[in-house]
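Enquirer: For reference, the file coords-v3.cif (mmCIF, C-alpha atoms) is included below:
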```cif
data_upload
loop_
_atom_site.label_atom_id
_atom_site.label_comp_id
_atom_site.auth_asym_id
_atom_site.auth_seq_id
_atom_site.Cartn_x
_atom_site.Cartn_y
_atom_site.Cartn_z
CA MET A 68 0.00 0.00 0.00
CA ALA A 69 1.08 3.55 -0.84
CA ILE A 70 4.75 4.27 0.01
CA SER A 71 5.23 0.61 1.01
CA GLU A 72 4.73 -0.65 -2.55
CA PRO A 73 7.76 -2.84 -3.41
CA PRO A 74 8.88 -1.64 -6.87
CA ALA A 75 11.27 -4.50 -7.72
CA LEU A 76 8.77 -7.19 -6.75
CA LEU A 77 5.92 -5.49 -8.60
CA ALA A 78 8.07 -5.15 -11.73
CA ALA A 79 9.05 -8.83 -11.51
CA LEU A 80 5.43 -9.91 -11.17
CA ALA A 81 4.37 -7.82 -14.16
CA SER A 82 7.25 -9.21 -16.21
CA ARG A 83 6.31 -12.82 -15.40
CA VAL A 84 2.72 -12.20 -16.44
CA GLU A 85 3.87 -10.57 -19.69
CA ARG A 86 6.13 -13.55 -20.47
CA GLY A 87 3.37 -16.02 -19.70
CA SER A 88 5.27 -17.79 -16.92
CA LEU A 89 2.61 -16.61 -14.46
CA PRO A 90 -0.92 -16.95 -15.85
CA GLY A 91 -2.37 -14.21 -13.66
CA PHE A 92 -3.65 -13.52 -10.17
CA ASN A 93 -6.04 -11.52 -8.03
CA LEU A 94 -4.40 -8.44 -6.52
CA TRP A 95 -5.80 -7.07 -3.24
CA TYR A 96 -4.74 -3.66 -1.93
CA PHE A 97 -5.98 -0.35 -0.58
CA HIS A 98 -4.05 2.66 -1.97
CA SER A 99 -1.93 2.51 -5.12
CA LEU A 100 0.86 4.84 -6.20
CA LEU A 101 3.21 5.15 -9.16
CA HIS A 102 5.11 1.86 -8.80
CA ALA A 103 1.94 -0.22 -9.02
CA GLY A 104 0.60 2.00 -11.80
CA ALA A 105 3.73 1.41 -13.90
CA THR A 106 3.76 -2.38 -13.38
CA VAL A 107 0.91 -4.61 -12.21
CA LEU A 108 -1.80 -1.98 -12.78
CA ARG A 109 -1.08 -1.35 -16.45
CA TYR A 110 -4.26 -1.56 -18.49
CA GLU A 111 -2.93 -4.20 -20.89
CA LEU A 112 -2.37 -6.60 -17.97
CA THR A 113 -5.81 -6.29 -16.40
CA ASP A 114 -7.10 -9.27 -18.37
CA ARG A 115 -4.68 -11.41 -16.33
CA ILE A 116 -4.10 -9.38 -13.18
CA ARG A 117 -7.43 -8.68 -11.50
CA PRO A 118 -7.23 -5.68 -9.14
CA HIS A 119 -9.45 -5.80 -6.04
CA CYS A 120 -9.11 -2.25 -4.77
CA MET A 121 -10.54 -0.86 -1.53
CA PHE A 122 -9.71 2.80 -2.24
CA LEU A 123 -9.47 4.28 -5.72
CA THR A 124 -6.79 6.72 -6.81
CA GLY A 125 -6.18 8.33 -10.18
CA ILE A 126 -4.57 5.09 -11.34
CA GLU A 127 -7.77 3.05 -10.96
CA ARG A 128 -9.93 5.88 -12.26
CA GLU A 129 -7.91 5.91 -15.48
CA LEU A 130 -8.15 2.11 -15.79
CA MET A 131 -11.90 2.32 -15.34
CA ARG A 132 -12.17 5.11 -17.92
CA LYS A 133 -10.31 3.03 -20.49
CA GLY A 134 -12.37 -0.04 -19.64
CA GLU A 135 -15.65 1.80 -19.98
CA ALA A 136 -14.71 2.85 -23.51
CA GLN A 137 -14.20 -0.82 -24.38
CA GLY A 138 -17.08 -2.28 -22.41
CA ARG A 139 -14.79 -3.80 -19.79
CA HIS A 140 -14.56 -3.60 -16.00
CA PRO A 141 -10.81 -3.79 -15.31
CA VAL A 142 -11.04 -2.95 -11.59
CA GLU A 143 -13.07 -4.61 -8.84
CA PHE A 144 -13.89 -1.94 -6.26
CA VAL A 145 -14.44 -3.37 -2.76
CA PRO A 146 -16.37 -0.98 -0.47
CA THR A 147 -15.00 -1.14 3.06
CA ALA A 148 -13.82 0.98 5.93
CA PHE A 149 -10.03 1.18 6.19
CA SER A 150 -10.20 -0.35 9.67
CA GLU A 151 -11.82 -3.49 8.24
CA ALA A 152 -9.06 -4.15 5.69
CA PRO A 153 -6.96 -6.36 8.04
CA ARG A 154 -9.97 -8.59 8.75
CA ILE A 155 -10.94 -8.85 5.09
CA LEU A 156 -7.42 -9.80 4.05
CA SER A 157 -6.86 -12.27 6.88
CA GLU A 158 -10.31 -13.85 7.19
CA ARG A 159 -12.16 -13.41 3.88
CA VAL A 160 -9.35 -13.66 1.33
CA SER A 161 -7.03 -16.64 1.01
CA LEU A 162 -3.73 -14.83 0.53
CA ASP A 163 -1.15 -16.93 -1.32
CA ALA A 164 1.50 -14.24 -0.93
CA PHE A 165 1.99 -10.84 0.61
CA ILE A 166 4.67 -8.48 -0.74
CA VAL A 167 5.83 -5.29 0.95
CA THR A 168 8.76 -2.90 1.38
CA VAL A 169 10.46 -3.00 4.79
CA SER A 170 13.27 -1.12 6.47
CA PRO A 171 16.68 -2.85 6.81
CA MET A 172 17.10 -5.57 9.40
CA ASP A 173 18.84 -4.72 12.67
CA ARG A 174 21.56 -6.86 14.29
CA ASN A 175 18.90 -8.91 16.07
CA GLY A 176 17.04 -9.85 12.90
CA TRP A 177 14.16 -7.34 13.04
CA PHE A 178 12.77 -5.38 10.09
CA THR A 179 10.02 -2.75 10.45
CA PHE A 180 7.08 -2.03 8.16
CA GLY A 181 8.19 1.61 7.94
CA THR A 182 5.60 3.93 6.42
CA GLY A 183 2.92 1.23 6.15
CA ASN A 184 1.65 -0.58 9.22
CA ASP A 185 -2.05 -0.35 8.20
CA TYR A 186 -3.13 -3.90 7.24
CA ALA A 187 0.43 -5.04 6.50
CA THR A 188 1.22 -6.39 9.95
CA THR A 189 -1.90 -8.59 9.81
CA ALA A 190 -1.84 -9.64 6.15
CA ALA A 191 1.88 -10.48 6.28
CA ARG A 192 1.18 -13.12 8.92
CA ALA A 193 -2.02 -14.40 7.30
CA ALA A 194 -0.47 -15.06 3.88
CA LYS A 195 0.99 -18.44 2.95
CA ARG A 196 4.17 -16.71 1.77
CA LEU A 197 5.74 -13.44 2.86
CA ILE A 198 8.19 -11.77 0.49
CA VAL A 199 9.84 -8.54 1.58
CA GLU A 200 11.76 -5.94 -0.39
CA VAL A 201 14.41 -4.40 1.84
CA ASN A 202 15.01 -0.76 1.00
CA PRO A 203 17.59 1.30 2.94
CA ASN A 204 15.48 4.40 2.23
CA MET A 205 12.48 3.02 4.12
CA PRO A 206 12.47 4.64 7.58
CA ARG A 207 12.84 2.43 10.61
CA VAL A 208 9.89 3.16 12.87
CA PHE A 209 8.97 2.54 16.47
CA GLY A 210 5.74 1.00 17.74
CA ASP A 211 3.93 -2.19 16.76
CA SER A 212 5.74 -2.53 13.45
CA LEU A 213 8.39 -5.19 13.97
CA LEU A 214 8.88 -8.16 11.65
CA HIS A 215 11.44 -10.87 12.41
CA VAL A 216 13.49 -12.47 9.67
CA SER A 217 12.27 -15.89 10.81
CA GLU A 218 8.76 -14.94 9.61
CA VAL A 219 9.92 -14.16 6.07
CA ASP A 220 9.96 -16.64 3.18
CA ALA A 221 12.06 -14.62 0.73
CA ILE A 222 14.05 -11.38 0.68
CA VAL A 223 14.83 -9.01 -2.18
CA GLU A 224 17.15 -6.02 -1.67
CA ASN A 225 16.49 -2.87 -3.67
CA ALA A 226 17.74 0.64 -2.92
CA ALA A 227 15.07 2.80 -4.55
CA PRO A 228 13.98 6.34 -3.66
CA LEU A 229 10.65 6.45 -1.88
CA PRO A 230 7.84 8.30 -3.67
CA ASP A 231 8.12 12.02 -2.97
CA LEU A 232 4.63 13.48 -2.67
CA ALA A 233 4.13 17.22 -3.04
CA PHE A 234 0.85 18.93 -2.12
CA PRO A 235 -0.44 21.89 -4.18
CA MET A 236 -0.47 25.35 -2.68
CA PRO A 237 -3.78 26.10 -0.92
CA SER A 238 -6.37 28.13 -2.79
CA PRO A 239 -7.93 31.22 -1.20
CA GLU A 240 -10.94 29.05 -0.35
CA ASP A 241 -8.69 26.46 1.31
CA GLU A 242 -6.99 29.19 3.33
CA ALA A 243 -10.34 30.57 4.52
CA ILE A 244 -11.47 27.10 5.59
CA ALA A 245 -8.12 26.46 7.29
CA ARG A 246 -8.42 29.67 9.33
CA THR A 247 -11.89 28.67 10.49
CA ILE A 248 -10.77 25.19 11.51
CA ALA A 249 -7.56 26.38 13.19
CA ALA A 250 -9.62 28.68 15.42
CA MET A 251 -11.41 25.60 16.76
CA VAL A 252 -8.19 23.87 17.83
CA ASP A 253 -7.33 24.63 21.45
CA ASP A 254 -4.17 23.89 23.40
CA GLY A 255 -4.05 20.21 24.30
CA ALA A 256 -6.20 19.03 21.37
CA CYS A 257 -5.48 15.59 19.89
CA LEU A 258 -5.32 15.82 16.08
CA GLN A 259 -6.38 13.64 13.18
CA MET A 260 -5.83 15.15 9.77
CA GLY A 261 -6.83 13.70 6.44
CA ILE A 262 -4.86 13.83 3.22
CA GLY A 263 -4.38 16.82 0.92
CA THR A 264 -3.75 20.51 0.76
CA LEU A 265 -6.35 21.63 3.30
CA PRO A 266 -5.10 19.58 6.30
CA ASN A 267 -1.56 20.84 5.70
CA ALA A 268 -2.91 24.40 5.54
CA VAL A 269 -4.61 23.87 8.91
CA CYS A 270 -1.40 22.47 10.44
CA ALA A 271 0.53 25.53 9.26
CA LEU A 272 -1.69 27.72 11.45
CA LEU A 273 -1.22 25.73 14.66
CA HIS A 274 2.45 26.31 15.46
CA ASP A 275 1.59 28.61 18.37
CA ARG A 276 -0.49 25.95 20.15
CA LYS A 277 0.75 24.10 23.23
CA ASP A 278 0.70 20.43 24.13
CA LEU A 279 -1.09 19.19 21.03
CA GLY A 280 -1.33 15.45 20.51
CA ILE A 281 -1.49 13.29 17.38
CA HIS A 282 -3.61 10.18 16.88
CA THR A 283 -4.10 9.98 13.14
CA GLU A 284 -4.66 7.49 10.36
CA LEU A 285 -2.23 9.30 8.05
CA LEU A 286 0.96 11.04 9.18
CA THR A 287 1.98 13.91 6.89
CA PRO A 288 4.70 16.57 6.65
CA GLY A 289 2.26 19.15 8.06
CA LEU A 290 1.88 17.14 11.26
CA ALA A 291 5.63 16.44 11.40
CA ARG A 292 6.36 20.16 11.28
CA LEU A 293 4.05 20.65 14.25
CA VAL A 294 6.14 18.13 16.17
CA GLU A 295 9.38 19.87 15.15
CA SER A 296 7.99 23.27 16.17
CA GLY A 297 7.27 22.06 19.69
CA ALA A 298 3.50 22.52 19.37
CA VAL A 299 3.01 18.75 19.67
CA THR A 300 4.11 17.11 22.91
CA ASN A 301 1.41 14.42 23.33
CA ARG A 302 1.57 15.06 27.09
CA ARG A 303 -2.19 15.32 27.53
CA LYS A 304 -3.10 12.13 25.67
CA THR A 305 -4.61 9.20 27.55
CA THR A 306 -3.29 6.56 25.15
CA TYR A 307 0.35 6.42 24.01
CA THR A 308 1.21 9.44 26.12
CA GLY A 309 4.23 11.26 24.75
CA ARG A 310 4.00 9.62 21.32
CA SER A 311 2.38 10.53 18.00
CA VAL A 312 0.30 7.61 16.74
CA PHE A 313 -0.25 6.81 13.06
CA THR A 314 -0.95 3.82 10.83
CA PHE A 315 0.59 4.97 7.52
CA ALA A 316 2.69 7.89 6.35
CA MET A 317 3.24 9.78 3.11
CA GLY A 318 5.43 12.78 2.33
CA ASP A 319 8.82 13.78 1.00
CA LYS A 320 12.42 12.80 1.74
CA ALA A 321 12.79 15.28 4.60
CA PHE A 322 9.65 13.80 6.13
CA TYR A 323 10.95 10.22 5.83
CA ASP A 324 14.22 11.33 7.44
CA PHE A 325 12.20 12.84 10.30
CA LEU A 326 10.32 9.56 10.76
CA ASP A 327 13.41 7.35 10.70
CA ASP A 328 14.51 6.08 14.12
CA ASN A 329 12.28 8.64 15.87
CA PRO A 330 11.03 7.21 19.18
CA SER A 331 8.33 9.87 19.53
CA MET A 332 6.49 8.38 16.51
CA HIS A 333 4.42 5.25 17.20
CA SER A 334 3.23 3.06 14.31
CA ALA A 335 0.21 0.84 15.00
CA PRO A 336 -2.16 -1.33 12.91
CA VAL A 337 -5.18 0.36 11.36
CA HIS A 338 -7.71 -1.75 13.26
CA ILE A 339 -6.26 -0.20 16.44
CA VAL A 340 -5.61 3.36 15.25
CA ASN A 341 -9.00 3.72 13.54
CA ASP A 342 -11.11 2.02 16.20
CA PRO A 343 -13.59 4.72 17.35
CA ARG A 344 -13.55 3.27 20.87
CA HIS A 345 -9.79 3.68 21.01
CA ILE A 346 -9.83 7.16 19.44
CA ALA A 347 -12.38 8.34 22.00
CA LYS A 348 -10.17 7.41 24.96
CA ASN A 349 -8.31 10.67 24.29
CA ASP A 350 -10.00 13.94 25.26
CA ASN A 351 -10.43 16.88 22.89
CA VAL A 352 -9.92 14.91 19.68
CA VAL A 353 -10.19 17.17 16.63
CA SER A 354 -10.79 15.21 13.44
CA VAL A 355 -10.55 17.02 10.09
CA ASN A 356 -11.73 15.30 6.91
CA ALA A 357 -12.87 16.42 3.48
CA THR A 358 -16.03 15.57 1.59
CA LEU A 359 -17.37 15.95 -1.94
CA GLN A 360 -21.02 16.64 -1.08
CA VAL A 361 -23.17 17.48 1.92
CA ASP A 362 -26.93 17.22 1.64
CA LEU A 363 -29.29 19.52 3.48
CA SER A 364 -29.81 16.98 6.26
CA GLY A 365 -26.05 16.71 6.90
CA ALA A 366 -25.27 13.40 5.18
CA CYS A 367 -21.89 13.37 3.39
CA ASN A 368 -20.75 11.70 0.20
CA SER A 369 -16.95 11.69 0.26
CA GLU A 370 -16.18 9.06 -2.38
CA HIS A 371 -18.49 9.24 -5.43
CA MET A 372 -18.52 11.93 -8.12
CA MET A 373 -20.21 12.47 -11.48
CA GLY A 374 -21.90 9.09 -11.35
CA ARG A 375 -18.68 7.19 -10.68
CA GLN A 376 -16.78 5.85 -7.71
CA TYR A 377 -13.99 8.36 -7.15
CA SER A 378 -12.07 7.16 -4.07
CA GLY A 379 -13.39 5.23 -1.05
CA SER A 380 -14.71 5.68 2.45
CA GLY A 381 -11.27 5.20 4.01
CA GLY A 382 -11.26 5.94 7.71
CA GLN A 383 -13.54 8.98 7.66
CA LEU A 384 -16.50 7.53 9.54
CA ASP A 385 -14.27 5.88 12.15
CA PHE A 386 -12.72 9.21 13.07
CA VAL A 387 -16.02 11.09 12.84
CA ARG A 388 -17.43 8.71 15.44
CA GLY A 389 -14.27 8.60 17.52
CA ALA A 390 -14.00 12.38 17.72
CA ARG A 391 -17.68 12.80 18.56
CA ALA A 392 -17.37 10.26 21.38
CA SER A 393 -14.26 11.98 22.76
CA LYS A 394 -14.79 14.26 25.76
CA GLY A 395 -14.63 17.77 24.28
CA GLY A 396 -14.07 16.29 20.80
CA LYS A 397 -14.87 17.94 17.47
CA SER A 398 -15.55 16.10 14.24
CA ILE A 399 -15.05 18.53 11.35
CA ILE A 400 -16.09 17.86 7.75
CA ALA A 401 -14.73 20.44 5.32
CA CYS A 402 -15.37 21.26 1.69
CA VAL A 403 -15.05 24.19 -0.68
CA SER A 404 -18.63 25.30 -1.37
CA THR A 405 -18.50 24.70 -5.14
CA ALA A 406 -16.93 22.39 -7.71
CA LYS A 407 -16.22 22.51 -11.45
CA ASP A 408 -15.08 26.14 -11.51
CA GLY A 409 -17.94 27.31 -9.34
CA THR A 410 -20.71 25.85 -11.49
CA ILE A 411 -21.83 23.12 -9.07
CA SER A 412 -22.74 23.46 -5.41
CA ARG A 413 -21.23 20.92 -3.03
CA ILE A 414 -24.13 21.53 -0.66
CA VAL A 415 -27.06 19.79 -2.34
CA PRO A 416 -30.70 18.88 -1.66
CA ALA A 417 -29.83 15.17 -1.99
CA LEU A 418 -26.61 13.22 -2.50
CA ASN A 419 -25.95 11.64 -5.87
CA GLY A 420 -23.68 8.96 -4.42
CA PRO A 421 -23.33 6.72 -1.38
CA VAL A 422 -23.48 8.01 2.17
CA THR A 423 -19.95 8.00 3.59
CA THR A 424 -20.87 9.80 6.81
CA PRO A 425 -24.54 9.50 7.86
CA ARG A 426 -26.41 12.59 8.95
CA ASN A 427 -26.71 11.15 12.46
CA ASP A 428 -22.91 11.29 12.77
CA THR A 429 -22.05 14.60 11.08
CA GLN A 430 -21.13 17.28 13.60
CA ILE A 431 -19.34 20.40 12.30
CA VAL A 432 -19.39 21.34 8.59
CA VAL A 433 -17.06 24.05 7.28
CA THR A 434 -16.88 25.88 3.95
CA GLU A 435 -15.12 29.10 3.00
CA TYR A 436 -18.36 30.89 3.99
CA GLY A 437 -18.34 29.74 7.60
CA TRP A 438 -19.25 26.77 9.76
CA THR A 439 -22.16 25.16 11.53
CA ASP A 440 -22.51 22.56 14.26
CA LEU A 441 -25.41 20.28 13.33
CA THR A 442 -25.61 18.58 16.72
CA GLY A 443 -29.16 18.71 18.06
CA LYS A 444 -30.51 20.63 15.07
CA SER A 445 -33.79 19.58 13.46
CA LEU A 446 -33.96 18.89 9.72
CA LEU A 447 -35.31 22.38 9.09
CA GLU A 448 -32.62 23.97 11.25
CA ARG A 449 -29.94 21.92 9.46
CA LYS A 450 -31.22 23.04 6.08
CA GLU A 451 -31.13 26.69 7.10
CA ALA A 452 -27.66 26.36 8.67
CA LEU A 453 -26.15 24.59 5.67
CA ILE A 454 -27.67 27.03 3.18
CA GLY A 455 -26.02 29.76 5.25
CA ILE A 456 -22.55 28.38 4.45
CA ALA A 457 -23.29 27.45 0.83
CA HIS A 458 -22.05 29.64 -2.00
CA PRO A 459 -24.37 32.69 -2.26
CA ARG A 460 -25.04 31.86 -5.91
CA PHE A 461 -26.90 28.68 -4.90
CA ARG A 462 -28.63 29.70 -1.69
CA GLU A 463 -31.96 30.71 -3.22
CA GLU A 464 -32.12 27.50 -5.26
CA LEU A 465 -31.32 25.40 -2.17
CA ALA A 466 -33.89 27.24 -0.07
CA SER A 467 -36.64 26.45 -2.57
CA SER A 468 -35.78 22.73 -2.69
CA SER A 469 -38.03 20.30 -0.82
#
```
Please rewrite the model in this file as structure tokens.

Expert:
Amino acid sequence: MAISEPPALLAALASRVERGSLPGFNLWYFHSLLHAGATVLRYELTDRIRPHCMFLTGIERELMRKGEAQGRHPVEFVPTAFSEAPRILSERVSLDAFIVTVSPMDRNGWFTFGTGNDYATTAARAAKRLIVEVNPNMPRVFGDSLLHVSEVDAIVENAAPLPDLAFPMPSPEDEAIARTIAAMVDDGACLQMGIGTLPNAVCALLHDRKDLGIHTELLTPGLARLVESGAVTNRRKTTYTGRSVFTFAMGDKAFYDFLDDNPSMHSAPVHIVNDPRHIAKNDNVVSVNATLQVDLSGACNSEHMMGRQYSGSGGQLDFVRGARASKGGKSIIACVSTAKDGTISRIVPALNGPVTTPRNDTQIVVTEYGWTDLTGKSLLERKEALIGIAHPRFREELASSS
């Protein structure tokens, strides 16, 4: 998954399929990046390699676009919460092999899963064969991420640069939303930030806070800079006090260097990190996630766009529920008020895709025009509140909708 994709092993698998020495296989995974896209997820191989994907990226969207033009379905999308991936892969799928990038072995025979604990620590032990690609650039992490050489069936060594992910500069709308969210983050808050430009923009405004904590699905450079600035100490957390908890990480080289051999960073499996009951043990959890649509009752579609599956539910609902159950917690769903160059409102009378976060769970919604807390509001009050933070161009139309 993600940064933990093993490029040499993926290239070898693709080559064997091309040569005909491997007839094909089912490929199960959650989040693909460039190495998979250039090897096992090439369109011309999808008649023999069958992707079962639990979270779509641009790679799968392009495969699906090509397939639609030819009347094919080259990708099997598997709807699931991120926290359920370990159980699916260990209990519902018979894994013949699991392949993953790991950090170099220490003198006692221990690798670590580096940037990708997620489902890896479970699936690696559930598979009939475990093949690891040892990369000296993969950071060695602390926490529940150890793998002993005695558990491994085969080892490949490959010194390859890790993917370097850059986030676009925030738009004026992103900056307005970030300012609103940052004002809700008090000293001592425990943070979960989603992926993308907006969460990093929020983090950039929190360097003057004190004793922040981190319990997040995804660890990013924005959160790392908060640690380096001294704003994050994790002193006030109930679980893993003094340590920043994450289940996978993505960033750039400086970020991976920060993560390497850093005892203040604690890697844990996704079924632990994303468990709402575990999240809620910490007070003042602030969860920030993005959505694509919010209907006038507060239900959110965060994964489906223009009649097509766009991404996946990921861990959004887990953290929405965990933050809401936290004493003093705030679950924040953010979106720019419009899409497609301002021609489409993201606040809509009814969703045109699946419900990622039910209206019963949605708490705070933020756009560049303000925010509203839906807790305890009736349907009519929710409609009025959400219209109030919609783009002015669409407010009259939304008000007249039934």

Enquirer: For a quick check of your reading of the model, name the residues lying within 10 Å of the coordinate (14.1, 7.5, 10.0), counting only C-alpha atoms, and write them as a ChimeraX atom specification.

Expert: /A:170,181-182,204-209,320-330

Enquirer: What are the nearest atom pairs, with distances in Å to one decimal, for all residues of segment 330-398 of chain A that come at most 12 Å from segment 236-248 of chain A, using all atoms listed in the file, set out by chain and rising residue number as a Markdown table?

Expert:
```
| residue | atom | partner | partner_atom | distance |
| --- | --- | --- | --- | --- |
| A:Val353 | CA | A:Ile248 | CA | 9.5 |
| A:Ser354 | CA | A:Ile248 | CA | 10.2 |
| A:Val355 | CA | A:Ile248 | CA | 8.3 |
| A:Asn356 | CA | A:Ile248 | CA | 10.9 |
| A:Ala357 | CA | A:Ile244 | CA | 11.0 |
| A:Lys397 | CA | A:Ile248 | CA | 10.2 |
| A:Ser398 | CA | A:Ile248 | CA | 10.6 |
```

Enquirer: Quick one: everything within 9 Å of Arg344 of chain A, counting all atoms listed in the file, minus sequence neighbours fewer than 5 positions away in the same chain. Send it as a list in words.

Expert: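 My reading of the contact set: Arg388, Gly389, Ala392 and Ser393 of chain A.
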
Enquirer: Give me, as a ChimeraX atom specification, all polymer residues having an atom no more than 12 Å from Thr308 of chain A, counting only C-alpha atoms and skipping those fewer than 2 positions away in the same chain.

Expert: /A:257,278-282,299-306,310-312,331-333,348-349

Enquirer: Evaluate the PyMOL selection byres ((chain A and resi 226) around 6) and record the selected residues as an mmCIF file with C-alpha atoms, keeping the file's coordinate frame, following the chain and residue labels used in the document.

Expert:
```cif
data_model
loop_
_atom_site.group_PDB
_atom_site.id
_atom_site.type_symbol
_atom_site.label_atom_id
_atom_site.label_comp_id
_atom_site.auth_asym_id
_atom_site.auth_seq_id
_atom_site.Cartn_x
_atom_site.Cartn_y
_atom_site.Cartn_z
ATOM 1 C CA ASN A 202 15.010 -0.760 1.000
ATOM 2 C CA PRO A 203 17.590 1.300 2.940
ATOM 3 C CA ASN A 225 16.490 -2.870 -3.670
ATOM 4 C CA ALA A 227 15.070 2.800 -4.550
#
```

Enquirer: Of the candidates A:Ser467, A:Asn175, A:Thr410, A:Thr188, which shows the shortest atom-to-atom distance to Thr314 of chain A, using only C-alpha atoms?

Expert: A:Thr188

Enquirer: Find the residues around Asp163 of chain A up to 7 Å (only C-alpha atoms counted), leave out those fewer than 2 positions away in its own chain, and share them as number ranges by chain.

Expert: A: 161, 194-196

Enquirer: Take the point (-30.2, 12.6, 9.4) in the file's coordinates, draw a sphere of radius 6 Å around it, and report as number ranges by chain every protein, DNA or RNA residue with an atom inside or on it, counting all atoms listed in the file.

Expert: A: 364, 426-427

Enquirer: To test your reading of the syntax: which residues would the PyMOL selection byres ((chain A and resi 76-91) around 6) return for the file shown? Reply as an MDAnalysis selection string.

Expert: chainID A and resid 73:75 92 106:107 115:116

Enquirer: Near Leu286 of chain A, counting only C-alpha atoms, which residues have an atom at most 7 Å away, once you skip same-chain residues fewer than 5 positions from it, shown as number ranges by chain?

Expert: A: 313, 315-317

Enquirer: State, in Å with one decimal place, the distance from atom CA of Asp254 of chain A to atom CA of Lys277 of chain A.

Expert: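 Atom CA of Lys277 of chain A lies at a distance of 4.9 Å from atom CA of Asp254 of chain A.
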
Enquirer: Considering only C-alpha atoms, state which residue in the set A:Lys394, A:His140, A:Arg375, A:His458 is at the smallest distance from Asn419 of chain A.

Expert: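 Between A:Lys394, A:His140, A:Arg375, A:His458, the residue approaching Asn419 of chain A most closely is A:Arg375.
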
Enquirer: Tell me which of A:Ser468, A:Ala271, A:Tyr96, A:Val223 sits closest to Thr147 of chain A, counting only C-alpha atoms.

Expert: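 Smallest separation from Thr147 of chain A among the options: A:Tyr96.
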
Enquirer: With all atoms listed in the file as the counted atoms, please give the residues lying no more than 12 Å from Ile262 of chain A, apart from itself and same-chain residues fewer than 6 positions off, as a VMD selection string.

Expert: chain A and resid 232 to 235 268 to 270 283 to 290 315 to 318 354 to 358 381 to 383

Enquirer: For each of A:Val433, A:Leu123, A:Ala164, A:Val337, take the minimum atom-to-atom distance to Ala152 of chain A, counting all atoms listed in the file, then give the residue where this is smallest.

Expert: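 Once distances to Ala152 of chain A are computed over all atoms listed in the file, the minimum belongs to A:Val337.
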
Enquirer: For each of A:Ser404, A:Ser378, A:Thr423, A:Thr168, take the minimum atom-to-atom distance to Gly125 of chain A, counting only C-alpha atoms, then give the residue where this is smallest.

Expert: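 Of A:Ser404, A:Ser378, A:Thr423, A:Thr168, the one nearest Gly125 of chain A is A:Ser378, counting only C-alpha atoms.
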